[in-house]
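J.: The file below is start.pdb, PDB, C-alpha atoms:
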```
ATOM      1  CA  MET D   1     -13.692   6.662 -22.173
ATOM      2  CA  LYS D   2     -15.486   7.437 -18.908
ATOM      3  CA  ILE D   3     -13.993  10.285 -16.885
ATOM      4  CA  ALA D   4     -15.254  11.502 -13.500
ATOM      5  CA  VAL D   5     -14.703  15.133 -12.522
ATOM      6  CA  TYR D   6     -14.379  16.274  -8.912
ATOM      7  CA  GLY D   7     -13.900  19.708  -7.376
ATOM      8  CA  ARG D   8     -14.811  21.805  -4.395
ATOM      9  CA  PRO D   9     -17.176  24.767  -4.749
ATOM     10  CA  PHE D  10     -15.183  27.789  -5.920
ATOM     11  CA  SER D  11     -15.490  31.187  -4.260
ATOM     12  CA  ASP D  12     -13.936  32.880  -7.288
ATOM     13  CA  ASN D  13     -16.090  32.781 -10.411
ATOM     14  CA  GLU D  14     -13.062  33.678 -12.541
ATOM     15  CA  VAL D  15     -12.344  29.935 -12.792
ATOM     16  CA  LEU D  16     -15.651  29.263 -14.568
ATOM     17  CA  PRO D  17     -14.274  29.837 -18.104
ATOM     18  CA  TYR D  18     -11.565  27.267 -17.387
ATOM     19  CA  ILE D  19     -14.105  24.776 -16.043
ATOM     20  CA  GLN D  20     -16.214  25.337 -19.157
ATOM     21  CA  GLN D  21     -13.093  24.666 -21.237
ATOM     22  CA  VAL D  22     -12.507  21.378 -19.399
ATOM     23  CA  PHE D  23     -16.019  20.156 -20.163
ATOM     24  CA  ASP D  24     -15.931  21.435 -23.758
ATOM     25  CA  ASN D  25     -12.682  19.573 -24.403
ATOM     26  CA  LEU D  26     -13.988  16.370 -22.822
ATOM     27  CA  LYS D  27     -17.095  16.631 -24.991
ATOM     28  CA  GLN D  28     -15.023  17.200 -28.151
ATOM     29  CA  HIS D  29     -13.159  13.950 -27.493
ATOM     30  CA  GLY D  30     -16.396  11.998 -27.041
ATOM     31  CA  VAL D  31     -15.780  11.340 -23.343
ATOM     32  CA  GLU D  32     -18.638  10.036 -21.224
ATOM     33  CA  ILE D  33     -18.583  12.560 -18.369
ATOM     34  CA  TYR D  34     -19.457  11.886 -14.732
ATOM     35  CA  VAL D  35     -19.500  14.725 -12.178
ATOM     36  CA  HIS D  36     -19.319  14.209  -8.430
ATOM     37  CA  ASN D  37     -22.399  15.548  -6.664
ATOM     38  CA  ARG D  38     -20.381  18.101  -4.660
ATOM     39  CA  LEU D  39     -19.146  19.772  -7.834
ATOM     40  CA  HIS D  40     -22.526  19.341  -9.549
ATOM     41  CA  GLN D  41     -24.231  21.382  -6.823
ATOM     42  CA  TYR D  42     -21.867  24.250  -7.570
ATOM     43  CA  LEU D  43     -21.979  23.961 -11.381
ATOM     44  CA  GLN D  44     -25.752  24.044 -11.825
ATOM     45  CA  ASP D  45     -26.627  26.863 -14.266
ATOM     46  CA  LYS D  46     -22.936  27.900 -14.451
ATOM     47  CA  ILE D  47     -21.775  25.893 -17.481
ATOM     48  CA  THR D  48     -23.597  25.299 -20.754
ATOM     49  CA  ASN D  49     -23.925  22.798 -23.612
ATOM     50  CA  VAL D  50     -22.602  19.855 -21.603
ATOM     51  CA  ASN D  51     -24.421  16.699 -20.599
ATOM     52  CA  TYR D  52     -23.082  14.570 -17.769
ATOM     53  CA  ARG D  53     -24.183  12.027 -15.221
ATOM     54  CA  VAL D  54     -24.065  12.930 -11.515
ATOM     55  CA  LEU D  55     -22.127  10.670  -9.154
ATOM     56  CA  ALA D  56     -24.003  10.556  -5.858
ATOM     57  CA  GLU D  57     -22.196  10.495  -2.505
ATOM     58  CA  GLY D  58     -21.007   6.969  -1.779
ATOM     59  CA  GLU D  59     -21.955   5.648  -5.219
ATOM     60  CA  PRO D  60     -19.578   2.836  -6.258
ATOM     61  CA  PHE D  61     -17.571   3.560  -9.398
ATOM     62  CA  LYS D  62     -14.835   0.921  -9.441
ATOM     63  CA  GLY D  63     -14.996  -0.852 -12.796
ATOM     64  CA  ILE D  64     -17.105   1.983 -14.235
ATOM     65  CA  ILE D  65     -14.865   5.070 -14.213
ATOM     66  CA  ASP D  66     -11.618   4.992 -16.209
ATOM     67  CA  LEU D  67      -9.984   7.954 -14.464
ATOM     68  CA  PHE D  68     -10.663  10.890 -12.157
ATOM     69  CA  LEU D  69     -10.030  14.515 -13.058
ATOM     70  CA  SER D  70      -9.550  16.852 -10.091
ATOM     71  CA  LEU D  71     -10.259  20.578 -10.508
ATOM     72  CA  GLY D  72      -8.565  22.755  -7.904
ATOM     73  CA  GLY D  73      -5.369  22.692  -5.885
ATOM     74  CA  ASP D  74      -3.549  20.023  -3.923
ATOM     75  CA  GLY D  75      -6.222  20.063  -1.208
ATOM     76  CA  THR D  76      -8.814  19.083  -3.799
ATOM     77  CA  MET D  77      -6.519  16.293  -4.988
ATOM     78  CA  LEU D  78      -6.336  14.978  -1.412
ATOM     79  CA  ASP D  79     -10.152  15.003  -1.293
ATOM     80  CA  THR D  80     -10.177  13.007  -4.526
ATOM     81  CA  VAL D  81      -7.857  10.419  -2.976
ATOM     82  CA  THR D  82     -10.471   9.708  -0.281
ATOM     83  CA  LEU D  83     -13.019   9.077  -3.050
ATOM     84  CA  ILE D  84     -10.743   6.795  -5.062
ATOM     85  CA  ARG D  85      -9.497   4.882  -1.997
ATOM     86  CA  ASP D  86      -8.105   1.470  -3.024
ATOM     87  CA  SER D  87      -9.927   1.298  -6.378
ATOM     88  CA  GLY D  88      -6.732   1.884  -8.369
ATOM     89  CA  ILE D  89      -8.465   4.442 -10.607
ATOM     90  CA  PRO D  90      -5.848   6.874 -12.001
ATOM     91  CA  VAL D  91      -6.169  10.560 -11.126
ATOM     92  CA  ILE D  92      -4.867  13.784 -12.634
ATOM     93  CA  GLY D  93      -5.270  17.310 -11.310
ATOM     94  CA  ILE D  94      -5.725  20.668 -13.046
ATOM     95  CA  ASN D  95      -4.377  23.373 -10.781
ATOM     96  CA  PHE D  96      -6.771  26.226 -10.010
ATOM     97  CA  GLY D  97      -4.960  26.892  -6.737
ATOM     98  CA  ARG D  98      -1.468  28.162  -5.926
ATOM     99  CA  LEU D  99       1.540  25.810  -5.732
ATOM    100  CA  GLY D 100       0.078  22.579  -7.076
ATOM    101  CA  PHE D 101       2.612  19.774  -6.619
ATOM    102  CA  LEU D 102      -0.076  17.107  -7.039
ATOM    103  CA  ALA D 103      -2.418  19.080  -9.278
ATOM    104  CA  SER D 104       0.384  19.838 -11.693
ATOM    105  CA  ILE D 105      -1.521  20.777 -14.881
ATOM    106  CA  ASN D 106      -1.607  24.528 -15.461
ATOM    107  CA  LYS D 107      -4.849  26.241 -16.521
ATOM    108  CA  SER D 108      -3.200  27.261 -19.781
ATOM    109  CA  ASP D 109      -2.500  23.606 -20.656
ATOM    110  CA  ILE D 110      -6.042  22.229 -20.301
ATOM    111  CA  ALA D 111      -6.606  21.360 -23.968
ATOM    112  CA  ALA D 112      -3.215  19.664 -24.401
ATOM    113  CA  ALA D 113      -3.570  17.737 -21.131
ATOM    114  CA  ILE D 114      -7.030  16.375 -21.966
ATOM    115  CA  HIS D 115      -5.860  15.401 -25.452
ATOM    116  CA  ALA D 116      -2.942  13.489 -23.891
ATOM    117  CA  VAL D 117      -5.166  11.781 -21.323
ATOM    118  CA  VAL D 118      -7.797  10.690 -23.844
ATOM    119  CA  ASN D 119      -5.071   9.309 -26.127
ATOM    120  CA  GLN D 120      -3.351   7.597 -23.165
ATOM    121  CA  GLN D 121      -0.138   9.574 -23.615
ATOM    122  CA  TYR D 122       0.864   9.243 -19.988
ATOM    123  CA  THR D 123       2.442   6.957 -17.419
ATOM    124  CA  LEU D 124       1.189   5.986 -13.969
ATOM    125  CA  ASP D 125       3.262   7.318 -11.104
ATOM    126  CA  LYS D 126       2.528   4.968  -8.202
ATOM    127  CA  ARG D 127       2.547   6.836  -4.879
ATOM    128  CA  ALA D 128       2.794   5.117  -1.492
ATOM    129  CA  MET D 129       0.215   5.899   1.200
ATOM    130  CA  LEU D 130       0.203   5.879   5.002
ATOM    131  CA  ARG D 131      -2.278   4.201   7.320
ATOM    132  CA  ILE D 132      -3.145   5.244  10.887
ATOM    133  CA  ASP D 133      -4.506   2.797  13.491
ATOM    134  CA  SER D 134      -5.404   3.144  17.159
ATOM    135  CA  ASP D 135      -7.768   1.802  19.794
ATOM    136  CA  VAL D 136     -10.024   4.725  18.953
ATOM    137  CA  LYS D 137     -11.460   4.476  15.430
ATOM    138  CA  LEU D 138      -9.837   7.614  14.045
ATOM    139  CA  PHE D 139     -11.137   8.856  10.670
ATOM    140  CA  GLY D 140     -13.373   5.815  10.185
ATOM    141  CA  GLU D 141     -12.686   4.056   6.895
ATOM    142  CA  ASP D 142     -10.676   7.052   5.671
ATOM    143  CA  ASN D 143      -7.693   6.260   7.896
ATOM    144  CA  PHE D 144      -5.122   6.691   5.135
ATOM    145  CA  ALA D 145      -3.045   9.608   3.878
ATOM    146  CA  LEU D 146      -1.160  10.478   0.712
ATOM    147  CA  ASN D 147       0.874  13.364   2.159
ATOM    148  CA  GLU D 148       1.240  13.060   5.907
ATOM    149  CA  ILE D 149      -0.126  12.108   9.303
ATOM    150  CA  THR D 150       0.508  14.754  11.947
ATOM    151  CA  ILE D 151       0.257  14.969  15.733
ATOM    152  CA  HIS D 152      -0.048  18.592  16.874
ATOM    153  CA  LYS D 153      -0.748  20.569  20.019
ATOM    154  CA  ARG D 154      -3.722  22.913  20.217
ATOM    155  CA  ASP D 155      -3.024  26.542  19.330
ATOM    156  CA  ASP D 156      -3.324  27.795  22.900
ATOM    157  CA  SER D 157      -1.522  24.939  24.674
ATOM    158  CA  ALA D 158       2.054  24.260  25.756
ATOM    159  CA  MET D 159       4.397  21.941  23.912
ATOM    160  CA  ILE D 160       3.602  18.243  23.976
ATOM    161  CA  THR D 161       5.851  15.251  24.559
ATOM    162  CA  ILE D 162       5.602  12.557  21.896
ATOM    163  CA  ASN D 163       7.155   9.248  22.920
ATOM    164  CA  THR D 164       8.065   7.553  19.655
ATOM    165  CA  PHE D 165       8.754   3.877  18.926
ATOM    166  CA  LEU D 166      10.165   2.297  15.768
ATOM    167  CA  ASP D 167       8.959  -1.287  15.237
ATOM    168  CA  GLY D 168       8.333  -1.509  18.983
ATOM    169  CA  ASN D 169      11.771  -0.144  19.965
ATOM    170  CA  PHE D 170      12.035   3.225  21.714
ATOM    171  CA  LEU D 171      13.332   5.912  19.330
ATOM    172  CA  ASN D 172      12.990   9.268  21.103
ATOM    173  CA  SER D 173      10.760  11.530  23.149
ATOM    174  CA  TYR D 174      10.045  14.610  21.065
ATOM    175  CA  TRP D 175       9.305  17.726  23.139
ATOM    176  CA  SER D 176       7.805  19.965  20.478
ATOM    177  CA  ASP D 177       4.685  21.495  18.963
ATOM    178  CA  GLY D 178       4.094  18.223  17.139
ATOM    179  CA  ILE D 179       5.493  15.689  14.717
ATOM    180  CA  ILE D 180       4.901  14.837  11.047
ATOM    181  CA  VAL D 181       5.069  11.400   9.470
ATOM    182  CA  SER D 182       5.371  12.153   5.778
ATOM    183  CA  THR D 183       5.392  10.025   2.660
ATOM    184  CA  ALA D 184       7.841  10.825  -0.128
ATOM    185  CA  THR D 185       4.924  12.571  -1.868
ATOM    186  CA  GLY D 186       4.265  14.677   1.224
ATOM    187  CA  SER D 187       7.928  15.581   1.674
ATOM    188  CA  THR D 188       7.296  18.708  -0.440
ATOM    189  CA  ALA D 189       4.307  19.724   1.713
ATOM    190  CA  TYR D 190       4.110  20.444   5.479
ATOM    191  CA  SER D 191       7.310  18.510   6.226
ATOM    192  CA  LEU D 192       9.324  20.705   3.864
ATOM    193  CA  SER D 193       8.129  23.876   5.601
ATOM    194  CA  CYS D 194       9.343  22.408   8.917
ATOM    195  CA  GLY D 195      12.837  21.705   7.605
ATOM    196  CA  GLY D 196      12.306  18.188   6.265
ATOM    197  CA  PRO D 197      14.155  16.896   3.181
ATOM    198  CA  ILE D 198      12.793  16.420  -0.315
ATOM    199  CA  ILE D 199      12.346  12.685  -0.912
ATOM    200  CA  PHE D 200      11.887  11.186  -4.374
ATOM    201  CA  PRO D 201       8.675   9.140  -4.803
ATOM    202  CA  GLU D 202      10.480   5.891  -5.686
ATOM    203  CA  SER D 203      12.760   5.993  -2.613
ATOM    204  CA  ASN D 204      10.538   3.705  -0.434
ATOM    205  CA  THR D 205      11.002   5.903   2.621
ATOM    206  CA  VAL D 206       9.034   8.028   5.075
ATOM    207  CA  VAL D 207      10.201  11.149   6.903
ATOM    208  CA  LEU D 208       9.757  11.808  10.613
ATOM    209  CA  THR D 209       9.848  15.603  11.036
ATOM    210  CA  PRO D 210       9.475  17.341  14.438
ATOM    211  CA  ILE D 211       7.558  20.633  14.495
ATOM    212  CA  SER D 212       9.450  23.363  16.390
ATOM    213  CA  PRO D 213      11.354  20.955  18.670
ATOM    214  CA  HIS D 214      12.605  22.319  21.995
ATOM    215  CA  ASN D 215      15.981  20.581  21.569
ATOM    216  CA  LEU D 216      17.893  22.066  18.649
ATOM    217  CA  ASN D 217      19.877  18.865  18.049
ATOM    218  CA  VAL D 218      16.681  17.007  17.093
ATOM    219  CA  ARG D 219      16.465  16.715  13.324
ATOM    220  CA  PRO D 220      14.180  15.030  10.744
ATOM    221  CA  ALA D 221      14.844  11.309  10.229
ATOM    222  CA  VAL D 222      14.432   9.341   6.993
ATOM    223  CA  LEU D 223      13.134   5.818   7.684
ATOM    224  CA  PRO D 224      12.260   2.776   5.556
ATOM    225  CA  ASP D 225       8.561   2.721   4.712
ATOM    226  CA  CYS D 226       8.288  -0.912   5.806
ATOM    227  CA  CYS D 227       8.552   0.129   9.471
ATOM    228  CA  THR D 228       5.739   0.811  11.943
ATOM    229  CA  LEU D 229       5.896   3.990  14.004
ATOM    230  CA  SER D 230       4.026   4.176  17.316
ATOM    231  CA  PHE D 231       3.319   7.283  19.378
ATOM    232  CA  ASP D 232       2.245   7.970  22.967
ATOM    233  CA  VAL D 233       1.444  11.636  23.638
ATOM    234  CA  GLU D 234       1.844  13.427  26.967
ATOM    235  CA  THR D 235       0.205  16.834  27.260
ATOM    236  CA  ARG D 236      -0.694  19.274  30.027
ATOM    237  CA  SER D 237      -3.724  20.511  28.117
ATOM    238  CA  ALA D 238      -7.058  18.752  27.767
ATOM    239  CA  ASN D 239      -6.561  17.574  24.209
ATOM    240  CA  TYR D 240      -4.399  17.567  21.081
ATOM    241  CA  LEU D 241      -4.867  17.161  17.347
ATOM    242  CA  ILE D 242      -4.339  14.334  14.880
ATOM    243  CA  SER D 243      -4.484  15.100  11.165
ATOM    244  CA  CYS D 244      -4.644  12.688   8.255
ATOM    245  CA  ASP D 245      -3.924  14.831   5.202
ATOM    246  CA  SER D 246      -6.658  17.487   5.390
ATOM    247  CA  ARG D 247      -8.858  15.641   7.905
ATOM    248  CA  VAL D 248      -8.494  16.530  11.600
ATOM    249  CA  ALA D 249      -9.561  14.768  14.790
ATOM    250  CA  VAL D 250      -9.326  15.963  18.412
ATOM    251  CA  LEU D 251      -8.150  13.498  21.055
ATOM    252  CA  ASP D 252      -8.887  14.073  24.735
ATOM    253  CA  GLN D 253      -7.505  10.802  26.119
ATOM    254  CA  PRO D 254      -4.238   8.830  26.053
ATOM    255  CA  VAL D 255      -4.155   6.723  22.876
ATOM    256  CA  ARG D 256      -1.425   4.617  21.267
ATOM    257  CA  ILE D 257      -1.198   5.724  17.635
ATOM    258  CA  ASN D 258       0.362   3.430  15.020
ATOM    259  CA  VAL D 259       1.405   4.635  11.572
ATOM    260  CA  SER D 260       2.480   2.233   8.821
ATOM    261  CA  LYS D 261       2.485   1.924   5.066
ATOM    262  CA  ALA D 262      -0.964   1.395   3.544
ATOM    263  CA  ASP D 263      -1.599  -1.787   1.580
ATOM    264  CA  PHE D 264      -2.537   0.134  -1.594
ATOM    265  CA  GLN D 265      -1.078   2.921  -3.711
ATOM    266  CA  LEU D 266      -2.374   5.932  -5.616
ATOM    267  CA  ASN D 267      -2.046   5.914  -9.408
ATOM    268  CA  LEU D 268      -1.089   9.499 -10.213
ATOM    269  CA  ILE D 269      -1.123  10.324 -13.924
ATOM    270  CA  ARG D 270       2.125  11.811 -15.221
ATOM    271  CA  LEU D 271       1.918  13.183 -18.778
ATOM    272  CA  ASN D 272       4.697  12.169 -21.147
ATOM    273  CA  ASN D 273       6.013  15.742 -21.392
ATOM    274  CA  GLU D 274       6.582  16.121 -17.634
ATOM    275  CA  ASN D 275       8.567  14.409 -14.895
ATOM    276  CA  TYR D 276       9.236  14.816 -11.187
ATOM    277  CA  LEU D 277      12.400  16.854 -11.732
ATOM    278  CA  SER D 278      10.663  19.369 -13.980
ATOM    279  CA  THR D 279       7.865  19.695 -11.418
ATOM    280  CA  LEU D 280      10.401  20.377  -8.645
ATOM    281  CA  ARG D 281      12.199  23.034 -10.660
ATOM    282  CA  HIS D 282       8.985  24.715 -11.735
ATOM    283  CA  LYS D 283       7.128  24.665  -8.405
ATOM    284  CA  LEU D 284      10.113  25.575  -6.220
ATOM    285  CA  LEU D 285      11.367  28.207  -8.691
ATOM    286  CA  TRP D 286      14.815  26.644  -8.818
ATOM    287  CA  GLY D 287      17.177  28.611 -11.022
ATOM    288  CA  LEU D 288      14.948  31.694 -11.164
ATOM    289  CA  ASP D 289      17.520  33.941  -9.477
ATOM    290  CA  THR D 290      17.676  37.398 -11.049
ATOM    291  CA  ARG D 291      21.478  37.118 -10.965
ATOM    292  CA  ASN D 292      21.167  34.515 -13.736
ATOM    293  CA  TYR D 293      19.687  37.041 -16.169
TER
END
```
For the file at hand, write its structure as structure tokens.

T.:
Amino acid sequence: MKIAVYGRPFSDNEVLPYIQQVFDNLKQHGVEIYVHNRLHQYLQDKITNVNYRVLAEGEPFKGIIDLFLSLGGDGTMLDTVTLIRDSGIPVIGINFGRLGFLASINKSDIAAAIHAVVNQQYTLDKRAMLRIDSDVKLFGEDNFALNEITIHKRDDSAMITINTFLDGNFLNSYWSDGIIVSTATGSTAYSLSCGGPIIFPESNTVVLTPISPHNLNVRPAVLPDCCTLSFDVETRSANYLISCDSRVAVLDQPVRINVSKADFQLNLIRLNNENYLSTLRHKLLWGLDTRNY
């Protein structure tokens, strides 16, 4: 089996024993290890007794790599998605961060998780993606998102007006700090913190969540993911922000922004001993009220 490992440079060297454990376990199972160049630059002289091949920036790996292993939090997983793109290569994340909805494997479960992956004791959880299009080439070829696409005012500016259209029909003008178009996967991310609902991955829906709307009767809307949402932004400041997962662009001109479902999905590895419900309960601490004990 050929497994590629990706991660951002870590500021805390306390994670190094866990990274060493990852590589030791991969080696024990006879895995052919590939390491993305960004992680390789950090790991030089930090781990021992492991041989691997370095994946250079932009090097094609479709048809070569069997799966991707992401080391870090959910932000690192989102980085990994931009590497995988439409290749269909499955990905699993080991959580070295905080919450970890996407990178769901705990540091204490590294050995068991790698054993399960190598022995193909998992299922593929197919996650829908979003695509953003406009007259301006936003985000280049990386114009897709797993969690959300967001329109947001600058920190020091007044609220913006976002004229919103659903399949070409006028929906509403949102007077707010911004608006989030979230996938079901992203419903537990930024959208949730702004009052959006939790949406199950297989629901085939997206969530339109306003950020601090001026009108209190404006609420999040759950829409079919086959629709196309279009946005025209009015602002009194010079510019505003567009984000595509963790990537951000600044717009200083009127632009029609279209958001629709991407034509490919992410294959997220779900181990046989976990499911979406258990992840929700664990990550959101459901049931952990001291009155229950």

J.: Evaluating the PyMOL selection byres ((chain D and resi 26) around 10) on the displayed file yields which residues, as number ranges by chain?

T.: D: 1-3, 20-25, 27-33, 50, 111, 114-115, 118

J.: Can you tell me, as a PyMOL selection string, what residues are no more than 10 Å from Arg53 in chain D when counting only C-alpha atoms, ignoring any on the same chain fewer than 4 positions away?

T.: chain D and resi 4+32-37+40

J.: Next, the residues of the selection above should be written as a tab-separated table (two decimals), in the coordinates of the input with C-alpha atoms.

T.:
```tsv
chain	number	residue	atom	x	y	z
D	4	ALA	CA	-15.25	11.50	-13.50
D	32	GLU	CA	-18.64	10.04	-21.22
D	33	ILE	CA	-18.58	12.56	-18.37
D	34	TYR	CA	-19.46	11.89	-14.73
D	35	VAL	CA	-19.50	14.72	-12.18
D	36	HIS	CA	-19.32	14.21	-8.43
D	37	ASN	CA	-22.40	15.55	-6.66
D	40	HIS	CA	-22.53	19.34	-9.55
```

J.: Expanded to explicit residues, what is the PyMOL selection byres ((chain D and resi 153) around 12) for this file, as an MDAnalysis selection string?

T.: chainID D and resid 150:152 154:162 175:179 211:212 233:243 249:252

J.: So which one's closest to Gly93 in chain D, D:Asn267, D:Ser187, D:Gln44, D:Thr164? Using all atoms listed in the file, please.

T.: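 The answer is D:Asn267, which sits nearest to Gly93 in chain D.
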
J.: Using all atoms listed in the file, which residues sit within 6 Å of Ser70 in chain D once same-chain residues fewer than 2 positions away are excluded, as a ChimeraX atom specification?

T.: /D:5-7,77,93

J.: Given the PyMOL selection byres ((chain D and resi 128) around 6) and the file above, list the residues it selects as a PyMOL selection string.

T.: chain D and resi 127+129+265

J.: Using only C-alpha atoms, which of D:Asn215, D:Asn147, D:Thr123, D:Asn49 sits nearest Arg270 in chain D?

T.: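 Among the listed residues, the smallest separation from Arg270 in chain D belongs to D:Thr123.
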
J.: Which residue gives the smallest distance to Arg247 in chain D among D:Thr82, D:Pro201, D:Ser193, D:Asp74, with all atoms listed in the file counted?

T.: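 Ranking D:Thr82, D:Pro201, D:Ser193, D:Asp74 by distance to Arg247 in chain D, first place goes to D:Thr82.
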
J.: Just how far from CA of Ala112 in chain D is CA of His282 in chain D, in Å to one decimal?

T.: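 Between CA of His282 in chain D and CA of Ala112 in chain D the gap works out to 18.3 Å.
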
J.: What is the distance, in Å and to one decimal place, between CA of Ser134 in chain D and CA of Pro254 in chain D?

T.: 10.6 Å

J.: Please return, as a ChimeraX atom specification, all polymer residues that have at least one atom within 6 Å of the point (-4.8, 12.9, 8.1); use all atoms listed in the file and the file's own coordinate frame.

T.: /D:145,149,243-247

J.: Please produce a file of those selected residues containing C-alpha atoms, as a short mmCIF file (atom, residue, chain, number, x, y, z; two decimals), in the frame of the given file.

T.:
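Result written to out26.cif:
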```cif
data_model
loop_
_atom_site.label_atom_id
_atom_site.label_comp_id
_atom_site.auth_asym_id
_atom_site.auth_seq_id
_atom_site.Cartn_x
_atom_site.Cartn_y
_atom_site.Cartn_z
CA ALA D 145 -3.04 9.61 3.88
CA ILE D 149 -0.13 12.11 9.30
CA SER D 243 -4.48 15.10 11.16
CA CYS D 244 -4.64 12.69 8.26
CA ASP D 245 -3.92 14.83 5.20
CA SER D 246 -6.66 17.49 5.39
CA ARG D 247 -8.86 15.64 7.90
#
```

J.: Identify, on the basis of all atoms listed in the file, every residue whose closest approach to Gln121 in chain D does not exceed 7 Å; exclude the query and any residue fewer than 4 positions from it along the same chain; express the result as a PyMOL selection string.

T.: chain D and resi 116-117+271-272

J.: Which is closer to Thr183 in chain D than all the others in D:Ser278, D:Asn51, D:Thr228, D:Ser203, using all atoms listed in the file?

T.: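 Closest to Thr183 in chain D of all the choices is D:Ser203.
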
J.: If you measure from CA of Glu202 in chain D to CA of Gly287 in chain D, what distance in Å do you get, rounded to one decimal?

T.: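 Between CA of Glu202 in chain D and CA of Gly287 in chain D the gap is 24.3 Å.
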
J.: What lies within 12 Å of Cys226 in chain D using only C-alpha atoms, ignoring chain neighbours under 5 positions off, as a list in words?

T.: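 Listing them by chain and then by number gives Ala128, Met129, Leu130, Arg131, Leu166, Asp167, Thr183, Ser203, Asn204, Thr205, Val206, Val259, Ser260, Lys261, Ala262 and Asp263 of chain D.
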
J.: Rank nothing, just name the residue among D:Asn275, D:Gln253, D:Ser230, D:Gln120 nearest to Asn163 in chain D, using all atoms listed in the file.

T.: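 Among D:Asn275, D:Gln253, D:Ser230, D:Gln120, it is D:Ser230 that comes nearest to Asn163 in chain D.
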
J.: Here's a test: counting all atoms listed in the file, identify every protein, DNA and RNA residue with an atom at most 9 Å from (6.8, 17.7, -8.7) in the file's coordinate frame, and state them as number ranges by chain.

T.: D: 100-102, 104, 185, 188, 275-284

J.: With C-alpha atoms retained, export the selected residues as a PDB file, in the coordinates of the input.

T.:
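So again-v9.pdb came out as:
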```
ATOM      1  CA  GLY D 100       0.078  22.579  -7.076  1.00  0.00           C
ATOM      2  CA  PHE D 101       2.612  19.774  -6.619  1.00  0.00           C
ATOM      3  CA  LEU D 102      -0.076  17.107  -7.039  1.00  0.00           C
ATOM      4  CA  SER D 104       0.384  19.838 -11.693  1.00  0.00           C
ATOM      5  CA  THR D 185       4.924  12.571  -1.868  1.00  0.00           C
ATOM      6  CA  THR D 188       7.296  18.708  -0.440  1.00  0.00           C
ATOM      7  CA  ASN D 275       8.567  14.409 -14.895  1.00  0.00           C
ATOM      8  CA  TYR D 276       9.236  14.816 -11.187  1.00  0.00           C
ATOM      9  CA  LEU D 277      12.400  16.854 -11.732  1.00  0.00           C
ATOM     10  CA  SER D 278      10.663  19.369 -13.980  1.00  0.00           C
ATOM     11  CA  THR D 279       7.865  19.695 -11.418  1.00  0.00           C
ATOM     12  CA  LEU D 280      10.401  20.377  -8.645  1.00  0.00           C
ATOM     13  CA  ARG D 281      12.199  23.034 -10.660  1.00  0.00           C
ATOM     14  CA  HIS D 282       8.985  24.715 -11.735  1.00  0.00           C
ATOM     15  CA  LYS D 283       7.128  24.665  -8.405  1.00  0.00           C
ATOM     16  CA  LEU D 284      10.113  25.575  -6.220  1.00  0.00           C
TER      17      LEU D 284
END
```
